[in-house]
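Data block below; observations after.
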Amino acid sequence: MGVSLGVLAVRHGCELRGDPDRVVERVATLGHADGLSLTFLANSAYRGQLAGTRAGAVILAPADAADCPVDVLVVRDPYVVYARVAAELHPAPATEPGIHPTAAVAPDAVVPGSCQIGPGAVVGRGVVLGERVVLGARTVLGERVAVGAGTRFMPGVTVYPDVRIGARCTLHAGVVLGSDGFGFARERDGSQVKVPQLGGVSVGDDVEIGANTTIDRGAIDDTVIGNGVKLDNQIQVGHNVRIGEHTVIAAQTGISGSTTIGARCTIGGKAGFAGHIVVADDVIIGGGTSVTGSIRVAGVYAGGGTPADELPRWRRNMARFGQLDELAKRVRSLEKRFAGLIPTGQERR
Amino acid sequence: MGVSLGVLAVRHGCELRGDPDRVVERVATLGHADGLSLTFLANSAYRGQLAGTRAGAVILAPADAADCPVDVLVVRDPYVVYARVAAELHPAPATEPGIHPTAAVAPDAVVPGSCQIGPGAVVGRGVVLGERVVLGARTVLGERVAVGAGTRFMPGVTVYPDVRIGARCTLHAGVVLGSDGFGFARERDGSQVKVPQLGGVSVGDDVEIGANTTIDRGAIDDTVIGNGVKLDNQIQVGHNVRIGEHTVIAAQTGISGSTTIGARCTIGGKAGFAGHIVVADDVIIGGGTSVTGSIRVAGVYAGGGTPADELPRWRRNMARFGQLDELAKRVRSLEKRFAGLIPTGQERR
Amino acid sequence: MGVSLGVLAVRHGCELRGDPDRVVERVATLGHADGLSLTFLANSAYRGQLAGTRAGAVILAPADAADCPVDVLVVRDPYVVYARVAAELHPAPATEPGIHPTAAVAPDAVVPGSCQIGPGAVVGRGVVLGERVVLGARTVLGERVAVGAGTRFMPGVTVYPDVRIGARCTLHAGVVLGSDGFGFARERDGSQVKVPQLGGVSVGDDVEIGANTTIDRGAIDDTVIGNGVKLDNQIQVGHNVRIGEHTVIAAQTGISGSTTIGARCTIGGKAGFAGHIVVADDVIIGGGTSVTGSIRVAGVYAGGGTPADELPRWRRNMARFGQLDELAKRVRSLEKRFAGLIPTGQERR
């Protein structure tokens, strides 16, 4: 029930400026914190709120420490340390091992006694679960799905057959893994023949997948989501896509089939990726960007996949776009003045 | 079984031009209506269809009344009156109180006898339902969820723990309320630490939420959806977003975290909002618009959040864009003619 | 267990260049195929991979046949033939007729003995299923839904009442059919009155609908999806939309209400369609395109619905956009040089 600032400072490598015996019990925002609350300042844009805070203590970076009227825990990465302390003060609810009587578990499925299988969950033939897996209500695991230890499925997730999921993942409500890729061959009469989607999906360890996100199975080989990847809500991942380790993608982004995205990328919301392209490691892509070709070099990209070193030029052009009508009128004026000066056809050539 | 035009005119404040004893039994489109059908004209663009209608009567605005060959109910807001009459002629099916034997209801949940709990529904510990709440098949309410009277959940809705929902709301199939916000702090080694998402979601009264829409819980404080808000399908609402009363948002729009949208706004489909911005009350935003900065003044916005009073300029620039190649050639021509006139370097300065 | 190249050549009308007795057992990619695998080359961009393949045989077009080091099946439409052979070598799992004990089937529903009704499925009153219909786990069919023979529902599909679905369709996990269209009439006080959504949804034969796609019911008449239409994941189809036969639409596209799309169209991902417009048959629309007005003529469209015959011009203008800042500077330079030549006001008029 609460922890002292002295203990937190030692445990998380912070410099404490304040009372080591002060106890905090919960986290709160700068504006709503009281004396038993710990808060943080990770974005200097909110620095103005420091003066008025009544928090027990604030986690912040060295540059922001001087302005704070209450005790501070000073550290270079205040947001990382806040994340750790918040998890310590507000632990996730313990799992409740057991199989709900309304769940339907195939007789040959491997379900350790440490697993929690919720109401209405369905576990297909040949499924193998690791220790402490949690299946939320109504989760469906198709035949031969394999899940690593400690992975948690929120309610209503659907996993098609032959999908492999690593350890310590979190899959949010409504996620669909392993639906058929979108493959059709058009006949000469205009109708379509379905191309069987025979690959699977391979999801690494420590992956989080947001609500209602869909990941298609591969056409022949697997669709692959690397270790530590974080996907937000309502993302669409096409067949045979590969996403590298620790890449983070915001909501409503779509990735067309057979595209490869590198490791440690950060991709904004509502971005769209063409199919069959390659994006390098350590690429940052702005929200809403259409990426229509491969990106071979790490950097910041926006505005249709403009390379980082061309971004200043792209921004200048966008500014000029706002003056385009005026520019056209100036050209017309020049043409008139020129025509007035020397009639066309009489110029020196 | 049907209602007379006279009764409708009195009840809804319309001027009747026609037979007060004529009875209509159902609504229909202008093109498909027969003599027992009531129809409406709300958009003058469809006025040409009036001449051929065989409807029993048409609800329309004064300006359109003269052209109509059949009985008319004349009123300033024909679409509002149509909505009311349609609800009267085609009432929603009555609820069927009771708990389906396949539902899983926690012993301590408060479920009034007037509620309808469908097949496979799951009601967690500490849930409190108001009178006449309807849970469609497979709906899952997490622990401590509170729901106001008369709210209806269509099948397959998932509500995470600690979400509060007001009275008379409708939540469509596949809606997810209270999934974790997308919060991660990047470590120096490129991996991510999850930031616990400890807030809830607060949904007001008379809210409608479309199929497969997702609303994330707040990071610390709540995500807030105001009274009377209407959200279409496949909308994504990030953590700590606030949406003001009676705002209407069309499908596939995404709102990034900590953004505040005002009251009575109308937002088109596939719009995208950056995080941490503020949109004023009474703002209208066109479909597909990227709103990357705050909008402080009521008005009509489109084309990347262009302020209303700059829209004519933006449209002129777009028109010029279509002439850009030609413009560039005209500039080149001017340069050549100028060079022909006076060699560079010999000009007067 | 496997089939000979000679049999395949006869059955699918290919020219075999190789050993008619060679047997293949499975399909594989060019890179991963072994001697018992059949592979294909449909996109000449991958032709470079032919030289290194160790496949038993390759299905390819006449132009690519000369370069192949292994046996080939030569045919004009290699992708169509590959699709057929893959389905032959990897047949879908047989259905397992019967009703799971946890399913809830209304007493008056028509469910032939050849149907497979999965765990937790819900079949409403008045539902009529054709032969061999498969309902995946947790699928919900509302009252009076009608389904044609051989149609398969993956887990977690929700169908609202009064929707009609044809034969041989596949509906993927999380699909919602028949949710209310987004219809509200704004009152003078800014609040909204719901317009009852009284139409249904009519889905033709041989339709495939991707995971988490949503199709709204009509306001009065039906929303209509034609025979052979293929919809990818996370598509939104508004009320009263009509989609013509054999049209194919990629993921995350949104179609606003009352829009009509023709037959045999191909529409890229993340496209957006305004409401109340008409798109002709045989139209191809690029990914991410905003279609804001009707398209009356077959052709290829991109960049905001630019007509096909204007695409070259649109591309030239986009190229010029990349030079806009430089162009503006050149105009400024011309103006200065001109002013240096002849002071303004002294020009001939």
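Chain labels A, B, ... are given in the sequence in which chains occur in the structure tokens; within each chain residues are numbered consecutively from 1, and ligands are likewise numbered from 1 in the order shown.
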
Non-local contacts of region 223-231 of chain A (8 Å; only C-alpha atoms; under 2 positions in same chain excluded) as a PDB file with N, CA and C atoms, in the first residue's frame:
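Once everything was written out, this is part-v9.pdb:
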ATOM      1  N   GLY A 199      -0.439 -20.064 -46.122  1.00  0.00           N
ATOM      2  CA  GLY A 199       0.565 -19.770 -45.096  1.00  0.00           C
ATOM      3  C   GLY A 199      -0.096 -19.530 -43.749  1.00  0.00           C
ATOM      4  N   GLY A 200       0.707 -19.167 -42.756  1.00  0.00           N
ATOM      5  CA  GLY A 200       0.178 -18.879 -41.435  1.00  0.00           C
ATOM      6  C   GLY A 200       0.547 -17.473 -41.001  1.00  0.00           C
ATOM      7  N   VAL A 201       0.475 -17.230 -39.703  1.00  0.00           N
ATOM      8  CA  VAL A 201       0.951 -15.976 -39.118  1.00  0.00           C
ATOM      9  C   VAL A 201       1.882 -16.368 -37.982  1.00  0.00           C
ATOM     10  N   SER A 202       3.029 -15.686 -37.901  1.00  0.00           N
ATOM     11  CA  SER A 202       3.970 -15.912 -36.816  1.00  0.00           C
ATOM     12  C   SER A 202       4.142 -14.593 -36.070  1.00  0.00           C
ATOM     13  N   VAL A 203       3.730 -14.585 -34.801  1.00  0.00           N
ATOM     14  CA  VAL A 203       3.825 -13.388 -33.963  1.00  0.00           C
ATOM     15  C   VAL A 203       4.889 -13.649 -32.898  1.00  0.00           C
ATOM     16  N   GLY A 204       5.837 -12.713 -32.736  1.00  0.00           N
ATOM     17  CA  GLY A 204       6.949 -12.890 -31.797  1.00  0.00           C
ATOM     18  C   GLY A 204       6.542 -12.719 -30.338  1.00  0.00           C
ATOM     19  N   ASP A 205       7.539 -12.555 -29.473  1.00  0.00           N
ATOM     20  CA  ASP A 205       7.308 -12.325 -28.047  1.00  0.00           C
ATOM     21  C   ASP A 205       7.064 -10.837 -27.784  1.00  0.00           C
ATOM     22  N   ASP A 206       6.378 -10.537 -26.687  1.00  0.00           N
ATOM     23  CA  ASP A 206       6.207  -9.158 -26.205  1.00  0.00           C
ATOM     24  C   ASP A 206       5.534  -8.254 -27.226  1.00  0.00           C
ATOM     25  N   VAL A 207       4.648  -8.809 -28.016  1.00  0.00           N
ATOM     26  CA  VAL A 207       3.913  -8.039 -29.021  1.00  0.00           C
ATOM     27  C   VAL A 207       2.588  -7.588 -28.413  1.00  0.00           C
ATOM     28  N   GLU A 208       2.169  -6.347 -28.698  1.00  0.00           N
ATOM     29  CA  GLU A 208       0.823  -5.899 -28.314  1.00  0.00           C
ATOM     30  C   GLU A 208       0.067  -5.537 -29.581  1.00  0.00           C
ATOM     31  N   ILE A 209      -1.176  -5.989 -29.679  1.00  0.00           N
ATOM     32  CA  ILE A 209      -1.998  -5.763 -30.879  1.00  0.00           C
ATOM     33  C   ILE A 209      -3.317  -5.138 -30.448  1.00  0.00           C
ATOM     34  N   GLY A 210      -3.653  -3.985 -31.042  1.00  0.00           N
ATOM     35  CA  GLY A 210      -4.791  -3.182 -30.606  1.00  0.00           C
ATOM     36  C   GLY A 210      -6.139  -3.698 -31.084  1.00  0.00           C
ATOM     37  N   THR A 213      -7.775  -4.833 -34.762  1.00  0.00           N
ATOM     38  CA  THR A 213      -6.729  -4.945 -35.781  1.00  0.00           C
ATOM     39  C   THR A 213      -6.813  -6.317 -36.447  1.00  0.00           C
ATOM     40  N   ASP A 216      -3.626 -10.741 -41.809  1.00  0.00           N
ATOM     41  CA  ASP A 216      -3.936 -11.858 -42.702  1.00  0.00           C
ATOM     42  C   ASP A 216      -2.831 -12.904 -42.690  1.00  0.00           C
ATOM     43  N   ARG A 217      -3.211 -14.155 -42.905  1.00  0.00           N
ATOM     44  CA  ARG A 217      -2.238 -15.239 -43.055  1.00  0.00           C
ATOM     45  C   ARG A 217      -1.531 -15.103 -44.396  1.00  0.00           C
ATOM     46  N   GLY A 218      -0.353 -15.693 -44.518  1.00  0.00           N
ATOM     47  CA  GLY A 218       0.389 -15.637 -45.770  1.00  0.00           C
ATOM     48  C   GLY A 218      -0.267 -16.462 -46.863  1.00  0.00           C
ATOM     49  N   ASP A 221       3.998 -18.716 -47.706  1.00  0.00           N
ATOM     50  CA  ASP A 221       4.800 -18.611 -46.488  1.00  0.00           C
ATOM     51  C   ASP A 221       4.011 -17.796 -45.453  1.00  0.00           C
ATOM     52  N   ASN A 233      -4.905   0.190 -32.602  1.00  0.00           N
ATOM     53  CA  ASN A 233      -6.223  -0.309 -33.019  1.00  0.00           C
ATOM     54  C   ASN A 233      -6.443  -0.181 -34.534  1.00  0.00           C
ATOM     55  N   ILE A 235      -5.625  -1.566 -37.278  1.00  0.00           N
ATOM     56  CA  ILE A 235      -4.571  -1.654 -38.291  1.00  0.00           C
ATOM     57  C   ILE A 235      -4.856  -2.879 -39.158  1.00  0.00           C
ATOM     58  N   GLY A 238      -1.574  -6.957 -44.407  1.00  0.00           N
ATOM     59  CA  GLY A 238      -1.869  -7.879 -45.504  1.00  0.00           C
ATOM     60  C   GLY A 238      -1.007  -9.131 -45.490  1.00  0.00           C
ATOM     61  N   HIS A 239      -1.311 -10.048 -46.387  1.00  0.00           N
ATOM     62  CA  HIS A 239      -0.583 -11.322 -46.385  1.00  0.00           C
ATOM     63  C   HIS A 239       0.883 -11.158 -46.763  1.00  0.00           C
ATOM     64  N   ASN A 240       1.730 -11.955 -46.095  1.00  0.00           N
ATOM     65  CA  ASN A 240       3.172 -11.987 -46.352  1.00  0.00           C
ATOM     66  C   ASN A 240       3.905 -10.721 -45.941  1.00  0.00           C
ATOM     67  N   VAL A 241       3.224  -9.832 -45.239  1.00  0.00           N
ATOM     68  CA  VAL A 241       3.932  -8.672 -44.672  1.00  0.00           C
ATOM     69  C   VAL A 241       4.895  -9.163 -43.605  1.00  0.00           C
ATOM     70  N   ARG A 242       6.024  -8.472 -43.440  1.00  0.00           N
ATOM     71  CA  ARG A 242       6.974  -8.730 -42.360  1.00  0.00           C
ATOM     72  C   ARG A 242       7.241  -7.422 -41.638  1.00  0.00           C
ATOM     73  N   ILE A 243       7.082  -7.421 -40.316  1.00  0.00           N
ATOM     74  CA  ILE A 243       7.339  -6.218 -39.513  1.00  0.00           C
ATOM     75  C   ILE A 243       8.468  -6.536 -38.533  1.00  0.00           C
ATOM     76  N   GLY A 244       9.527  -5.686 -38.563  1.00  0.00           N
ATOM     77  CA  GLY A 244      10.734  -5.950 -37.771  1.00  0.00           C
ATOM     78  C   GLY A 244      10.558  -5.634 -36.292  1.00  0.00           C
ATOM     79  N   GLU A 245      11.503  -6.097 -35.499  1.00  0.00           N
ATOM     80  CA  GLU A 245      11.427  -6.006 -34.039  1.00  0.00           C
ATOM     81  C   GLU A 245      11.262  -4.571 -33.545  1.00  0.00           C
ATOM     82  N   HIS A 246      10.427  -4.435 -32.512  1.00  0.00           N
ATOM     83  CA  HIS A 246      10.253  -3.179 -31.768  1.00  0.00           C
ATOM     84  C   HIS A 246       9.689  -2.040 -32.607  1.00  0.00           C
ATOM     85  N   THR A 247       9.140  -2.343 -33.759  1.00  0.00           N
ATOM     86  CA  THR A 247       8.476  -1.298 -34.540  1.00  0.00           C
ATOM     87  C   THR A 247       7.112  -0.996 -33.928  1.00  0.00           C
ATOM     88  N   VAL A 248       6.742   0.286 -33.948  1.00  0.00           N
ATOM     89  CA  VAL A 248       5.514   0.779 -33.323  1.00  0.00           C
ATOM     90  C   VAL A 248       4.662   1.435 -34.400  1.00  0.00           C
ATOM     91  N   ILE A 249       3.389   1.035 -34.519  1.00  0.00           N
ATOM     92  CA  ILE A 249       2.517   1.553 -35.585  1.00  0.00           C
ATOM     93  C   ILE A 249       1.210   2.039 -34.982  1.00  0.00           C
ATOM     94  N   ALA A 250       0.837   3.281 -35.305  1.00  0.00           N
ATOM     95  CA  ALA A 250      -0.382   3.877 -34.744  1.00  0.00           C
ATOM     96  C   ALA A 250      -1.625   3.476 -35.544  1.00  0.00           C
ATOM     97  N   ALA A 251      -2.778   3.841 -34.996  1.00  0.00           N
ATOM     98  CA  ALA A 251      -4.074   3.299 -35.415  1.00  0.00           C
ATOM     99  C   ALA A 251      -4.408   3.562 -36.888  1.00  0.00           C
TER     100      ALA A 251
ATOM    101  N   SER B 191      13.735  -0.945 -27.451  1.00  0.00           N
ATOM    102  CA  SER B 191      12.527  -1.669 -27.039  1.00  0.00           C
ATOM    103  C   SER B 191      11.568  -0.711 -26.316  1.00  0.00           C
ATOM    104  N   GLN B 192      10.380  -1.192 -26.006  1.00  0.00           N
ATOM    105  CA  GLN B 192       9.320  -0.342 -25.468  1.00  0.00           C
ATOM    106  C   GLN B 192       8.876  -0.831 -24.098  1.00  0.00           C
TER     107      GLN B 192
END

All strand (DSSP E or B) residues (DSSP, backbone) inside region 29-221 of chain B, as a ChimeraX atom specification:
/B:37-41,57-60,71-74,98-99,104-105,110,116-117,122-123,128-129,134-135,140-141,146-147,152-153,158-159,164-165,170-171,176-179,184-186,192-194,201-203,208-209,214-216

Pull out every residue of chain C sitting within 6 Å of chain B, counting only C-alpha atoms, and send them as a PyMOL selection string.
chain C and resi 185+191+195-196+317+320+340

Output all heavy atoms of each residue in that selection to a file, as a PDB file, in the first residue's frame.
ATOM      1  N   ALA C 185     -31.281  13.313 -38.125  1.00  0.00           N
ATOM      2  CA  ALA C 185     -31.779  14.610 -38.572  1.00  0.00           C
ATOM      3  C   ALA C 185     -31.519  15.604 -37.440  1.00  0.00           C
ATOM      4  O   ALA C 185     -31.913  15.356 -36.302  1.00  0.00           O
ATOM      5  CB  ALA C 185     -33.270  14.520 -38.882  1.00  0.00           C
ATOM      6  N   SER C 191     -29.437  19.074 -31.243  1.00  0.00           N
ATOM      7  CA  SER C 191     -29.476  17.635 -30.964  1.00  0.00           C
ATOM      8  C   SER C 191     -29.935  16.887 -32.211  1.00  0.00           C
ATOM      9  O   SER C 191     -30.312  17.490 -33.218  1.00  0.00           O
ATOM     10  CB  SER C 191     -30.401  17.356 -29.782  1.00  0.00           C
ATOM     11  OG  SER C 191     -31.738  17.605 -30.158  1.00  0.00           O
ATOM     12  N   VAL C 195     -32.973   8.613 -37.524  1.00  0.00           N
ATOM     13  CA  VAL C 195     -33.832   8.206 -38.619  1.00  0.00           C
ATOM     14  C   VAL C 195     -33.835   6.672 -38.643  1.00  0.00           C
ATOM     15  O   VAL C 195     -32.789   6.060 -38.837  1.00  0.00           O
ATOM     16  CB  VAL C 195     -33.295   8.749 -39.959  1.00  0.00           C
ATOM     17  CG1 VAL C 195     -34.181   8.308 -41.105  1.00  0.00           C
ATOM     18  CG2 VAL C 195     -33.181  10.267 -39.907  1.00  0.00           C
ATOM     19  N   PRO C 196     -34.994   6.040 -38.416  1.00  0.00           N
ATOM     20  CA  PRO C 196     -35.009   4.573 -38.365  1.00  0.00           C
ATOM     21  C   PRO C 196     -34.437   3.981 -39.652  1.00  0.00           C
ATOM     22  O   PRO C 196     -34.733   4.475 -40.745  1.00  0.00           O
ATOM     23  CB  PRO C 196     -36.500   4.244 -38.221  1.00  0.00           C
ATOM     24  CG  PRO C 196     -37.113   5.469 -37.636  1.00  0.00           C
ATOM     25  CD  PRO C 196     -36.329   6.627 -38.200  1.00  0.00           C
ATOM     26  N   ASN C 317       1.732  17.611 -63.425  1.00  0.00           N
ATOM     27  CA  ASN C 317       1.532  18.656 -62.414  1.00  0.00           C
ATOM     28  C   ASN C 317       2.150  18.253 -61.084  1.00  0.00           C
ATOM     29  O   ASN C 317       2.722  19.085 -60.380  1.00  0.00           O
ATOM     30  CB  ASN C 317       0.036  18.940 -62.245  1.00  0.00           C
ATOM     31  CG  ASN C 317      -0.532  19.681 -63.443  1.00  0.00           C
ATOM     32  OD1 ASN C 317       0.170  20.495 -64.066  1.00  0.00           O
ATOM     33  ND2 ASN C 317      -1.774  19.399 -63.788  1.00  0.00           N
ATOM     34  N   ARG C 320       5.736  18.937 -61.250  1.00  0.00           N
ATOM     35  CA  ARG C 320       5.966  20.373 -61.106  1.00  0.00           C
ATOM     36  C   ARG C 320       5.823  20.814 -59.658  1.00  0.00           C
ATOM     37  O   ARG C 320       6.497  21.745 -59.214  1.00  0.00           O
ATOM     38  CB  ARG C 320       4.965  21.161 -61.957  1.00  0.00           C
ATOM     39  CG  ARG C 320       5.159  21.004 -63.442  1.00  0.00           C
ATOM     40  CD  ARG C 320       6.517  21.497 -63.892  1.00  0.00           C
ATOM     41  NE  ARG C 320       6.570  21.495 -65.358  1.00  0.00           N
ATOM     42  CZ  ARG C 320       7.662  21.780 -66.043  1.00  0.00           C
ATOM     43  NH1 ARG C 320       8.799  22.065 -65.426  1.00  0.00           N
ATOM     44  NH2 ARG C 320       7.636  21.746 -67.352  1.00  0.00           N
ATOM     45  N   GLY C 340      14.033  46.223 -63.279  1.00  0.00           N
ATOM     46  CA  GLY C 340      15.311  46.877 -63.532  1.00  0.00           C
ATOM     47  C   GLY C 340      15.376  47.432 -64.943  1.00  0.00           C
ATOM     48  O   GLY C 340      15.968  48.487 -65.205  1.00  0.00           O
TER      49      GLY C 340
END

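Reported to one decimal place, the separation of CA of Thr214 (chain B) from CA of Glu143 (chain A) is 28.2 Å.
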